[in-house]
file input-v8.txt (compact mmCIF, C-alpha atoms and all ligand atoms)
# COMPACT_ATOMS: atom_id res chain seq x y z
CA MET A 25 20.62 1.84 -24.45
CA PRO A 26 17.56 -0.26 -25.29
CA SER A 27 15.18 2.62 -25.86
CA GLU A 28 13.59 1.57 -29.15
CA PRO A 29 10.29 3.44 -29.10
CA GLN A 30 8.27 0.47 -30.27
CA VAL A 31 9.27 -2.00 -27.58
CA VAL A 32 6.39 -3.68 -25.77
CA LEU A 33 6.94 -6.13 -22.93
CA GLU A 34 4.20 -8.40 -21.62
CA THR A 35 3.82 -10.14 -18.29
CA ASP A 36 0.92 -12.05 -16.74
CA ARG A 37 -0.91 -8.90 -15.67
CA LEU A 38 0.91 -6.05 -17.39
CA LEU A 39 1.89 -4.48 -20.69
CA LEU A 40 4.95 -2.25 -20.70
CA ARG A 41 4.75 0.03 -23.68
CA PRO A 42 5.83 3.45 -24.98
CA TRP A 43 4.09 6.48 -23.49
CA ARG A 44 1.05 7.93 -25.20
CA VAL A 45 0.12 11.59 -24.94
CA ALA A 46 -3.01 10.69 -22.95
CA ASP A 47 -0.77 9.18 -20.24
CA ALA A 48 0.43 12.67 -19.23
CA VAL A 49 -2.36 12.79 -16.63
CA VAL A 50 -0.91 9.74 -14.90
CA GLN A 51 2.60 11.16 -15.11
CA ARG A 52 1.38 14.30 -13.34
CA GLU A 53 -0.33 12.25 -10.65
CA LEU A 54 2.99 10.48 -10.04
CA TRP A 55 4.68 13.89 -9.68
CA THR A 56 2.07 15.04 -7.13
CA GLU A 57 2.43 11.88 -5.05
CA ARG A 58 6.20 12.00 -4.59
CA ASP A 59 7.63 11.88 -1.12
CA PRO A 60 8.68 15.34 0.16
CA ARG A 61 12.22 14.01 0.57
CA VAL A 62 12.49 13.54 -3.22
CA PRO A 63 14.59 16.40 -4.70
CA SER A 64 12.47 19.41 -5.63
CA HIS A 65 13.28 19.23 -9.34
CA ARG A 66 11.27 16.00 -9.41
CA ARG A 67 8.26 17.49 -7.60
CA ILE A 68 5.52 19.91 -8.70
CA ASP A 69 6.77 23.47 -8.15
CA ALA A 70 4.96 26.41 -6.60
CA ASP A 71 3.55 27.38 -10.01
CA GLY A 72 2.06 23.93 -10.50
CA ARG A 73 4.66 22.86 -13.05
CA PRO A 74 5.14 20.70 -14.88
CA THR A 75 1.57 20.98 -16.05
CA VAL A 76 -0.28 18.20 -17.85
CA ALA A 77 0.21 20.19 -21.09
CA GLU A 78 3.98 20.30 -20.54
CA LEU A 79 4.11 16.61 -19.82
CA GLU A 80 2.04 15.96 -22.95
CA GLU A 81 4.52 17.99 -24.97
CA ALA A 82 7.45 16.02 -23.52
CA ILE A 83 5.80 12.74 -24.52
CA ARG A 84 5.10 14.09 -28.01
CA ALA A 85 8.73 15.15 -28.33
CA GLY A 86 9.95 11.77 -27.03
CA ARG A 87 12.20 13.51 -24.52
CA PRO A 88 14.77 11.36 -22.72
CA SER A 89 12.78 11.51 -19.49
CA SER A 90 10.24 9.23 -21.10
CA GLY A 91 12.62 7.44 -23.51
CA GLY A 92 13.79 4.19 -21.95
CA LEU A 93 10.99 4.29 -19.41
CA LEU A 94 7.93 2.33 -20.41
CA ALA A 95 4.38 3.02 -19.27
CA ILE A 96 2.91 0.15 -17.25
CA GLU A 97 -0.62 -0.71 -18.33
CA ARG A 98 -2.78 -3.24 -16.52
CA LYS A 99 -4.08 -5.73 -19.05
CA ALA A 100 -7.35 -6.39 -17.22
CA SER A 101 -8.43 -2.77 -16.84
CA GLY A 102 -6.38 -0.98 -19.52
CA ASP A 103 -5.27 1.76 -17.09
CA VAL A 104 -1.73 3.08 -16.79
CA ILE A 105 -0.36 2.79 -13.24
CA GLY A 106 3.23 3.99 -13.54
CA TYR A 107 6.46 3.23 -15.34
CA CYS A 108 9.44 0.95 -15.34
CA GLY A 109 12.49 0.94 -17.53
CA LEU A 110 16.09 1.91 -18.03
CA ILE A 111 17.83 5.25 -17.79
CA ASP A 112 21.03 5.89 -19.75
CA GLY A 113 24.09 4.65 -17.95
CA GLN A 114 25.98 7.17 -15.88
CA GLY A 115 28.19 4.65 -14.10
CA ALA A 116 31.87 4.15 -14.85
CA GLU A 117 31.04 1.24 -17.15
CA GLY A 118 28.02 3.02 -18.64
CA GLU A 119 25.60 0.37 -17.49
CA PRO A 120 21.95 1.48 -17.54
CA GLU A 121 20.00 2.22 -14.40
CA LEU A 122 16.74 0.48 -13.54
CA ALA A 123 13.91 2.81 -12.51
CA PHE A 124 10.28 2.28 -11.49
CA GLU A 125 7.46 4.26 -9.92
CA LEU A 126 3.80 3.40 -9.43
CA LEU A 127 0.66 5.23 -8.36
CA ARG A 128 0.19 4.80 -4.64
CA ARG A 129 -3.20 3.17 -4.93
CA THR A 130 -1.60 0.25 -6.77
CA TRP A 131 1.27 -0.41 -4.35
CA GLY A 132 1.70 -3.72 -2.57
CA ARG A 133 0.38 -6.04 -5.26
CA GLY A 134 3.66 -7.14 -6.80
CA TYR A 135 3.37 -4.94 -9.88
CA ALA A 136 6.80 -3.31 -9.57
CA THR A 137 8.54 -6.66 -9.20
CA GLU A 138 6.58 -8.11 -12.13
CA ALA A 139 7.32 -5.13 -14.39
CA ALA A 140 10.99 -4.93 -13.43
CA THR A 141 11.48 -8.64 -14.05
CA ALA A 142 10.35 -8.08 -17.64
CA VAL A 143 12.72 -5.11 -17.97
CA LEU A 144 15.63 -7.24 -16.71
CA GLY A 145 14.87 -9.76 -19.46
CA TRP A 146 14.76 -6.96 -22.01
CA ALA A 147 18.11 -5.61 -20.83
CA ARG A 148 19.65 -9.08 -20.94
CA SER A 149 18.41 -9.77 -24.45
CA SER A 150 19.67 -6.32 -25.51
CA GLY A 151 23.19 -7.43 -24.58
CA TYR A 152 23.73 -5.70 -21.24
CA ALA A 153 25.76 -7.61 -18.69
CA ARG A 154 24.95 -5.54 -15.66
CA LEU A 155 22.46 -2.97 -14.38
CA ARG A 156 22.63 -0.52 -11.55
CA ALA A 157 19.95 1.03 -9.38
CA THR A 158 20.04 3.80 -6.82
CA VAL A 159 17.64 3.97 -3.91
CA TRP A 160 17.10 6.10 -0.82
CA GLU A 161 18.01 4.25 2.32
CA TRP A 162 14.57 5.16 3.76
CA ASN A 163 12.71 3.72 0.76
CA THR A 164 11.86 0.33 2.26
CA ALA A 165 9.48 -0.77 -0.50
CA SER A 166 11.90 -0.02 -3.30
CA ARG A 167 14.79 -1.64 -1.45
CA ARG A 168 12.66 -4.73 -1.01
CA VAL A 169 11.81 -4.80 -4.73
CA LEU A 170 15.51 -4.49 -5.65
CA ASP A 171 16.34 -7.24 -3.18
CA LYS A 172 13.69 -9.53 -4.67
CA LEU A 173 15.14 -8.84 -8.14
CA GLY A 174 18.64 -9.82 -6.98
CA PHE A 175 20.30 -6.39 -6.77
CA THR A 176 23.02 -6.13 -4.15
CA GLU A 177 24.42 -3.07 -2.43
CA THR A 178 27.83 -1.78 -3.42
CA ALA A 179 30.20 0.03 -1.07
CA ARG A 180 29.19 3.37 -2.60
CA LYS A 181 26.80 5.63 -0.68
CA GLU A 182 25.98 9.31 -0.90
CA VAL A 183 24.96 10.99 2.33
CA ASP A 184 22.63 13.99 2.20
CA PRO A 185 21.83 15.25 5.70
CA VAL A 186 18.45 16.59 4.59
CA ARG A 187 17.09 13.99 2.19
CA GLY A 188 18.87 10.92 3.44
CA THR A 189 21.43 8.50 2.12
CA THR A 190 21.43 7.18 -1.45
CA LEU A 191 22.46 3.54 -1.80
CA PHE A 192 24.05 2.25 -5.02
CA THR A 193 23.12 -1.28 -6.00
CA THR A 194 23.99 -3.52 -8.92
CA LYS A 195 22.98 -6.76 -10.57
CA TRP A 196 24.74 -9.00 -13.08
CA LEU A 197 22.27 -10.21 -15.70
C1 LIG A 201 8.82 1.14 -4.92
C2 LIG A 201 7.47 0.85 -5.58
C3 LIG A 201 7.59 0.97 -7.09
C4 LIG A 201 7.04 -0.58 -5.19
O1 LIG A 201 5.91 -0.95 -5.96
P1 LIG A 201 5.02 -2.23 -5.56
O2 LIG A 201 4.25 -2.64 -6.79
O3 LIG A 201 4.25 -1.90 -4.34
O4 LIG A 201 6.15 -3.31 -5.24
P2 LIG A 201 5.94 -4.88 -5.02
O5 LIG A 201 4.52 -5.12 -4.58
O6 LIG A 201 6.42 -5.59 -6.23
O7 LIG A 201 6.95 -5.19 -3.83
C5 LIG A 201 6.99 -4.36 -2.69
C6 LIG A 201 7.68 -5.11 -1.56
O8 LIG A 201 8.03 -4.18 -0.55
C7 LIG A 201 7.40 -4.56 0.66
N1 LIG A 201 7.07 -3.32 1.38
C8 LIG A 201 6.33 -2.30 0.95
N2 LIG A 201 6.29 -1.33 1.87
C9 LIG A 201 7.03 -1.76 2.89
C10 LIG A 201 7.37 -1.20 4.14
N3 LIG A 201 6.96 0.02 4.49
N4 LIG A 201 8.14 -1.94 4.94
C11 LIG A 201 8.57 -3.15 4.61
N5 LIG A 201 8.29 -3.74 3.42
C12 LIG A 201 7.53 -3.03 2.58
C13 LIG A 201 6.18 -5.34 0.22
O9 LIG A 201 5.71 -6.17 1.26
C14 LIG A 201 6.77 -6.13 -0.93
O10 LIG A 201 7.63 -7.19 -0.49
P3 LIG A 201 7.11 -8.70 -0.38
O11 LIG A 201 6.73 -9.14 -1.76
O12 LIG A 201 8.26 -9.43 0.19
O13 LIG A 201 5.90 -8.70 0.51
C15 LIG A 201 6.39 1.85 -5.08
O14 LIG A 201 6.37 1.80 -3.69
C16 LIG A 201 6.65 3.26 -5.56
O15 LIG A 201 6.23 3.66 -6.64
N6 LIG A 201 7.33 4.08 -4.72
C17 LIG A 201 7.65 5.47 -5.07
C18 LIG A 201 8.65 5.57 -6.18
C19 LIG A 201 9.92 4.85 -5.88
O16 LIG A 201 10.32 4.76 -4.75
N7 LIG A 201 10.56 4.34 -6.94
C20 LIG A 201 11.83 3.65 -6.81
C21 LIG A 201 12.96 4.60 -6.72
S1 LIG A 201 14.48 3.71 -6.40
call {"tool": "encode", "arguments": {"input": "input-v8.txt", "output": "structure tokens", "more": "lines below"}}
Ligand SMILES: CC(C)(COP(=O)(O)OP(=O)(O)OC[C@H]1O[C@@H](n2cnc3c(N)ncnc32)[C@H](O)[C@@H]1OP(=O)(O)O)[C@@H](O)C(=O)NCCC(=O)NCCS
result
Amino acid sequence: MPSEPQVVLETDRLLLRPWRVADAVVQRELWTERDPRVPSHRRIDADGRPTVAELEEAIRAGRPSSGGLLAIERKASGDVIGYCGLIDGQGAEGEPELAFELLRRTWGRGYATEAATAVLGWARSSGYARLRATVWEWNTASRRVLDKLGFTETARKEVDPVRGTTLFTTKWL
């Protein structure tokens, strides 16, 4: 799992770097913006948790939730707009899973594709042969990003009558 804390990836417009405690505010904004169909354990609960302080603590502790996921910073403005990275492999072959999420106000400018392309290169140079990614069938933007990156759907699907169907995709590096 390429989760060395010091890794920094650079693209034309972006730096992908380890989380800093000050980025907890952005993490919380991402939590608040999530689609209501996203499972509740990934959304702010009725008590307003996780709080910024809890997210700060998780970053300080280097918890797995922030481990292989790199903060995306825009080089021109220095602001953090989301994350992209790899989550520990849970597939049969243990291949890592690509993940990305951006603040809504930055959508539609190619940032996810640009960031994920850098992460694919990182995974390749770390020796991985294949990545996987899961995506809700209703998540058109994310499906389009995965398509642009060259991920293809496998036969596996998980149907949840409330939240929708999860598609399993894969890409050889
Ligand atoms: C998925 C996400 C990261 C995309 O970020 P982004 O920076 O806007 O992505 P990009 O600009 O690189 O590419 C988005 C593509 O989807 C297309 N798209 C976006 N919304 C769309 C829609 N509703 N219908 C059709 N196409 C859509 C865009 O046109 C673009 O494709 P194009 O380059 O062919 O025009 C962002 O929407 C997000 O954070 N969503 C919530 C979290 C999430 O879903 N994460 C992924 C979980 S699998």
call {"tool": "atom_distance", "arguments": {"input": "input-v8.txt", "atom1": "atom CA of Trp162 of chain A", "atom2": "atom CA of Leu122 of chain A"}}
result
18.1 Å
call {"tool": "atom_distance", "arguments": {"input": "input-v8.txt", "atom1": "atom CA of Arg66 of chain A", "atom2": "atom C20 of ligand LIG 201 (chain A)"}}
result
12.6 Å
call {"tool": "residues_around", "arguments": {"input": "input-v8.txt", "residues": "segment 179-196 of chain A", "least_positions_apart": "5", "cutoff": "8 Å", "atoms": "only C-alpha atoms", "output": "list in words"}}
result
Arg61, Val62, Pro63, Ala153, Arg154, Leu155, Arg156, Ala157, Thr158, Val159, Trp160, Glu161, Trp162 and Gly174 of chain A
call {"tool": "closest_residue", "arguments": {"input": "input-v8.txt", "among": "A:Gly72, A:Gly86, A:Gly132, A:Gly92", "to": "Asp112 of chain A", "atoms": "all atoms listed in the file"}}
result
A:Gly92
call {"tool": "residues_near_ligand", "arguments": {"input": "input-v8.txt", "ligand": "ligand LIG 201 (chain A)", "cutoff": "9 Å", "atoms": "only C-alpha atoms and all ligand atoms", "output": "number ranges by chain"}}
result
A: 54, 57-59, 106-108, 122-128, 130-140, 157-160, 163-170, 172
call {"tool": "residues_near_point", "arguments": {"input": "input-v8.txt", "point": "(2.4, 19.3, -18.4)", "cutoff": "12 Å", "atoms": "all atoms listed in the file", "output": "list in words"}}
result
Val45, Ala46, Asp47, Ala48, Val49, Val50, Gln51, Arg52, Glu53, Trp55, Ile68, Asp69, Asp71, Gly72, Arg73, Pro74, Thr75, Val76, Ala77, Glu78, Leu79, Glu80, Glu81, Ala82, Ile83 and Arg84 of chain A
call {"tool": "atom_distance", "arguments": {"input": "input-v8.txt", "atom1": "atom CA of Gly102 of chain A", "atom2": "atom CA of Val31 of chain A"}}
result
17.6 Å
call {"tool": "closest_residue", "arguments": {"input": "input-v8.txt", "among": "A:Ala85, A:Leu33, A:Leu38, A:Asp171", "to": "Ala147 of chain A", "atoms": "all atoms listed in the file"}}
result
A:Leu33
